[in-house]
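Since the structure comes first, as structure tokens, the remarks are kept for the end.
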Amino acid sequence: MSPSAAPDLPIAGVPTGHSKWTMERVLDVRYWTPTMLSFRTTRDDAFRFTPGHYARLGLAADDGSIVWRPFSMVSAATDHHLEFLAVLVPGGAFSSALARLRVGDSIQVERASFGFLTVDQLAAGRDLWLLASGTGLGPFVSILRDPSVWRAFEQLIVVHSVRRSSELAYRTELAALADEHLLVTGAARLLYLPVVTREQGATALASRIPRLIADGRLEEAAGRQLSVLASRLMICGNPELALTLRQILGARGFATSRRGIPGQMAFEKYW
């Protein structure tokens with residue numbers, strides 16, 4: 001899945017005299033399920049992004065034209081490669097090309113990065129809640145690979161909702177990140193809460209995220225209350241999730257950033 005093509009302003013611009021994209025090479029392809037994959041590419045030395053941003057990728061379609069889609073970076077901002085998480089959409093022009101992608105193939109990467117799902121959009125707080133459905137986890141992995149985020153909060157809470165347990169991408173990597181920061185003085189602690197909705201007994205939490213918030217089970221599982229004073233929330237997933245959580249959290253007093261005033265929640269829509 002990819003972020004909605006809203007008219008976000010580019011954060012990293014295109015250098016004068018250069019094309020809008022670079023041709024990169026695929027370094028690795030990993031299938032988590034038959035329809036969910038992550039892939040790594042080379043990275044142009046001039047490409048810059050803030051964790052949470054996305055970039056537009058171009059692949060050749062069946063008719064020879066180039067199809068462009070936006071994808072959030074999963075890689076750290078300091079990595080020498082770029083990494084992306086995607087799901088194959090039946091009949092999709094980009095998905096058809098993506099399904100053929102192999103190590104060594106070429107892919108176009110637009111020079112600009114975009115988006116507002118970044119920690120610097122939020123007011124200072126104690127707890128950072130990262131709520132994702134499906135491939136919406138991607139930008140949060142990038143954010144958690146940024147050491148400054150671990151210094152900015154006391155508690156990091158990752159909630160990843162999927163239909164099947166096989167779709168819990170990066171589960172091992174998140175545990176490794178938690179271990180890496182465990183003994184660092186002043187570093188936040190990471191709590192990972194997987195949610196599998198269609199396999200009974202696969203996880204302790206099995207309802208959709210909005211319901212878990214509405215009935216208090218998510219706060220109980222996290223051992224933390226959602227409060228406007230202490231909690232900061234980032235949400236990335238399907239439109240229904242974003243819309244419902246915007247309503248639920250808005251009713252509790254949470255607001256997005258506006259007119260230079262930092263808010264308590266930030267959204268990116270995937271579909």
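Lettering and numbering for the structure tokens are positional, with chains as A, B, ... in the shown order, residues counted from 1 in each chain, and ligands counted from 1 in the shown order.
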
Nearby residues (only C-alpha atoms) at most 7 Å from A:Gly58, same-chain spacing under 5 positions excluded, as a short mmCIF file (atom, residue, chain, number, x, y, z; two decimals) with N, CA, C and O atoms, in the first residue's frame:
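Result written to result.cif:
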data_model
loop_
_atom_site.label_atom_id
_atom_site.label_comp_id
_atom_site.auth_asym_id
_atom_site.auth_seq_id
_atom_site.Cartn_x
_atom_site.Cartn_y
_atom_site.Cartn_z
N ILE A 66 5.64 4.24 -17.58
CA ILE A 66 6.13 4.22 -16.21
C ILE A 66 4.98 4.54 -15.27
O ILE A 66 4.31 5.57 -15.41
N VAL A 67 4.73 3.66 -14.32
CA VAL A 67 3.68 3.85 -13.32
C VAL A 67 4.34 4.30 -12.02
O VAL A 67 5.29 3.67 -11.55
N TRP A 68 3.82 5.37 -11.46
CA TRP A 68 4.38 5.93 -10.23
C TRP A 68 3.45 5.71 -9.05
O TRP A 68 2.24 5.89 -9.16
N ARG A 69 4.01 5.32 -7.91
CA ARG A 69 3.24 5.20 -6.67
C ARG A 69 4.09 5.67 -5.51
O ARG A 69 5.30 5.48 -5.49
N ILE A 107 14.71 0.46 -10.70
CA ILE A 107 13.51 1.13 -10.26
C ILE A 107 13.81 2.63 -10.16
O ILE A 107 14.92 3.02 -9.77
N GLN A 108 12.85 3.44 -10.54
CA GLN A 108 13.05 4.88 -10.49
C GLN A 108 12.58 5.41 -9.13
O GLN A 108 11.51 5.03 -8.64
N VAL A 109 13.37 6.31 -8.56
CA VAL A 109 13.03 6.92 -7.28
C VAL A 109 13.06 8.43 -7.45
O VAL A 109 14.08 9.00 -7.83
#

(request) Would you kindly return, as a PyMOL selection string, each protein, DNA or RNA residue with an atom no farther than 9 Å from any atom of A:Asp44, considering only C-alpha atoms and excluding same-chain residues fewer than 3 positions away? (result) chain A and resi 22-24+47-48+80-81+109+111

(message) Which residues are close to A:Val119, i.e. within 12 Å by only C-alpha atoms, leaving aside same-chain residues fewer than 4 positions away? Reply as number ranges by chain.
(response) A: 50-53, 115, 123-125, 127-130, 139-140, 142-144, 146, 148-150, 152-153, 232-235, 257, 262-267

(request) Write out as a list in words which residues come within 12 Å of A:Gln200 when counting only C-alpha atoms, dropping same-chain ones fewer than 4 positions away. (result)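 Near neighbours after the sequence-gap exclusion: Arg163, Arg164, Ser165, Val195, Val196, Ala204, Leu205, Ala206 and Ser207 of chain A.
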
Could you save the residues just selected, with N, CA, C and O atoms, as a short mmCIF file (atom, residue, chain, number, x, y, z; two decimals), in the first residue's frame?
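Saved file out_30.cif follows:
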data_model
loop_
_atom_site.label_atom_id
_atom_site.label_comp_id
_atom_site.auth_asym_id
_atom_site.auth_seq_id
_atom_site.Cartn_x
_atom_site.Cartn_y
_atom_site.Cartn_z
N ARG A 163 -4.72 -8.97 9.69
CA ARG A 163 -5.72 -10.04 9.68
C ARG A 163 -5.12 -11.38 10.09
O ARG A 163 -5.74 -12.15 10.82
N ARG A 164 -3.92 -11.68 9.58
CA ARG A 164 -3.26 -12.97 9.82
C ARG A 164 -1.91 -12.74 10.48
O ARG A 164 -1.24 -11.75 10.20
N SER A 165 -1.49 -13.65 11.33
CA SER A 165 -0.22 -13.50 12.05
C SER A 165 0.97 -13.44 11.10
O SER A 165 1.99 -12.82 11.43
N VAL A 195 -1.78 -7.20 16.96
CA VAL A 195 -3.22 -7.45 16.97
C VAL A 195 -3.57 -8.25 15.72
O VAL A 195 -3.43 -7.76 14.59
N VAL A 196 -4.01 -9.48 15.90
CA VAL A 196 -4.43 -10.34 14.78
C VAL A 196 -5.93 -10.55 14.90
O VAL A 196 -6.41 -11.08 15.91
N ALA A 204 -3.04 -11.73 22.11
CA ALA A 204 -3.90 -11.40 23.26
C ALA A 204 -4.98 -10.40 22.86
O ALA A 204 -6.11 -10.45 23.37
N LEU A 205 -4.63 -9.47 21.96
CA LEU A 205 -5.59 -8.49 21.46
C LEU A 205 -6.05 -8.94 20.08
O LEU A 205 -5.23 -9.25 19.21
N ALA A 206 -7.37 -8.96 19.87
CA ALA A 206 -7.87 -9.52 18.61
C ALA A 206 -8.95 -8.66 17.95
O ALA A 206 -9.50 -9.06 16.93
N SER A 207 -9.24 -7.50 18.50
CA SER A 207 -10.24 -6.61 17.90
C SER A 207 -9.54 -5.48 17.16
O SER A 207 -8.35 -5.23 17.35
#

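Separating atom CA of A:Ala242 from atom CA of A:Leu117 is a distance of 12.6 Å.
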
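A straight line drawn from atom CA of A:Ser113 to atom CA of A:Thr41 is 15.5 Å long.
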
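Counting from atom CA of A:Ala222, the distance to atom CA of A:Asn238 is 22.8 Å.
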
(message) Considering only strand (DSSP E or B) as DSSP defines it on the backbone, what residues of stretch 14-263 of chain A qualify? List them as number ranges by chain.
(response) A: 21-31, 36-42, 54-60, 66-73, 81-87, 106-110, 114, 122, 127-133, 155-162, 189-196, 205, 231-237, 256, 258, 261, 263

(request) May I ask which of the residues A:Ala221, A:Ala178, A:Leu212, A:Leu59 is the closest one to A:Thr197, counting only C-alpha atoms? (result) A:Leu212

(request) Run DSSP on the backbone and give me the residues of stretch 97-255 of chain A it puts in alpha helix (DSSP H), as number ranges by chain. (result) A: 97-99, 138-144, 147-152, 171-181, 209-214, 217-222, 239-251

Could the residues in this selection be written to a file with C-alpha atoms, as a JSON list (two decimals), in the first residue's frame?
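Ended up saving to selection28.json:
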[["chain", "number", "residue", "atom", "x", "y", "z"],
["A", 97, "ALA", "CA", 5.24, -4.66, -12.18],
["A", 98, "LEU", "CA", 6.23, -4.97, -8.52],
["A", 99, "ALA", "CA", 5.42, -8.68, -8.51],
["A", 138, "GLY", "CA", 6.42, 0.88, 7.37],
["A", 139, "PRO", "CA", 7.05, 4.52, 8.34],
["A", 140, "PHE", "CA", 7.02, 3.61, 12.02],
["A", 141, "VAL", "CA", 9.92, 1.19, 11.54],
["A", 142, "SER", "CA", 11.86, 4.07, 10.00],
["A", 143, "ILE", "CA", 10.92, 6.32, 12.92],
["A", 144, "LEU", "CA", 12.03, 3.68, 15.45],
["A", 147, "PRO", "CA", 17.95, 7.19, 17.92],
["A", 148, "SER", "CA", 16.61, 10.69, 18.65],
["A", 149, "VAL", "CA", 13.07, 9.30, 19.02],
["A", 150, "TRP", "CA", 14.25, 7.03, 21.82],
["A", 151, "ARG", "CA", 15.63, 10.07, 23.66],
["A", 152, "ALA", "CA", 12.52, 12.21, 23.13],
["A", 171, "ARG", "CA", 8.23, -8.35, 14.41],
["A", 172, "THR", "CA", 11.73, -9.69, 15.01],
["A", 173, "GLU", "CA", 13.35, -6.42, 13.97],
["A", 174, "LEU", "CA", 11.25, -4.45, 16.46],
["A", 175, "ALA", "CA", 12.30, -6.80, 19.26],
["A", 176, "ALA", "CA", 15.94, -6.30, 18.25],
["A", 177, "LEU", "CA", 15.52, -2.52, 18.38],
["A", 178, "ALA", "CA", 14.06, -2.80, 21.87],
["A", 179, "ASP", "CA", 17.02, -4.92, 23.03],
["A", 180, "GLU", "CA", 19.48, -2.51, 21.41],
["A", 181, "HIS", "CA", 18.20, 0.42, 23.47],
["A", 209, "ILE", "CA", -7.75, -0.75, 17.05],
["A", 210, "PRO", "CA", -10.73, 1.67, 17.34],
["A", 211, "ARG", "CA", -12.68, -0.84, 19.40],
["A", 212, "LEU", "CA", -9.67, -1.54, 21.61],
["A", 213, "ILE", "CA", -9.40, 2.17, 22.34],
["A", 214, "ALA", "CA", -13.12, 2.66, 22.83],
["A", 217, "ARG", "CA", -8.45, -2.65, 26.41],
["A", 218, "LEU", "CA", -5.57, -1.01, 24.54],
["A", 219, "GLU", "CA", -4.70, 1.25, 27.46],
["A", 220, "GLU", "CA", -4.96, -1.71, 29.82],
["A", 221, "ALA", "CA", -2.61, -3.80, 27.66],
["A", 222, "ALA", "CA", -0.13, -0.94, 27.41],
["A", 239, "PRO", "CA", -8.89, 5.21, 5.39],
["A", 240, "GLU", "CA", -11.49, 3.67, 7.70],
["A", 241, "LEU", "CA", -8.93, 3.38, 10.51],
["A", 242, "ALA", "CA", -7.77, 6.97, 10.04],
["A", 243, "LEU", "CA", -11.29, 8.40, 9.92],
["A", 244, "THR", "CA", -12.54, 6.43, 12.93],
["A", 245, "LEU", "CA", -9.54, 7.22, 15.10],
["A", 246, "ARG", "CA", -9.68, 10.88, 14.15],
["A", 247, "GLN", "CA", -13.26, 10.95, 15.47],
["A", 248, "ILE", "CA", -12.57, 8.92, 18.62],
["A", 249, "LEU", "CA", -9.41, 10.79, 19.57],
["A", 250, "GLY", "CA", -10.85, 14.15, 18.59],
["A", 251, "ALA", "CA", -13.73, 13.57, 21.00]]

(message) When you look at A:Leu190 with a cut-off of 8 Å (counting only C-alpha atoms), what residues show up, excluding the ones that are within fewer than 6 positions of it in the same chain? I need them as an NGL selection string.
(response) :A and (155-158 or 178)
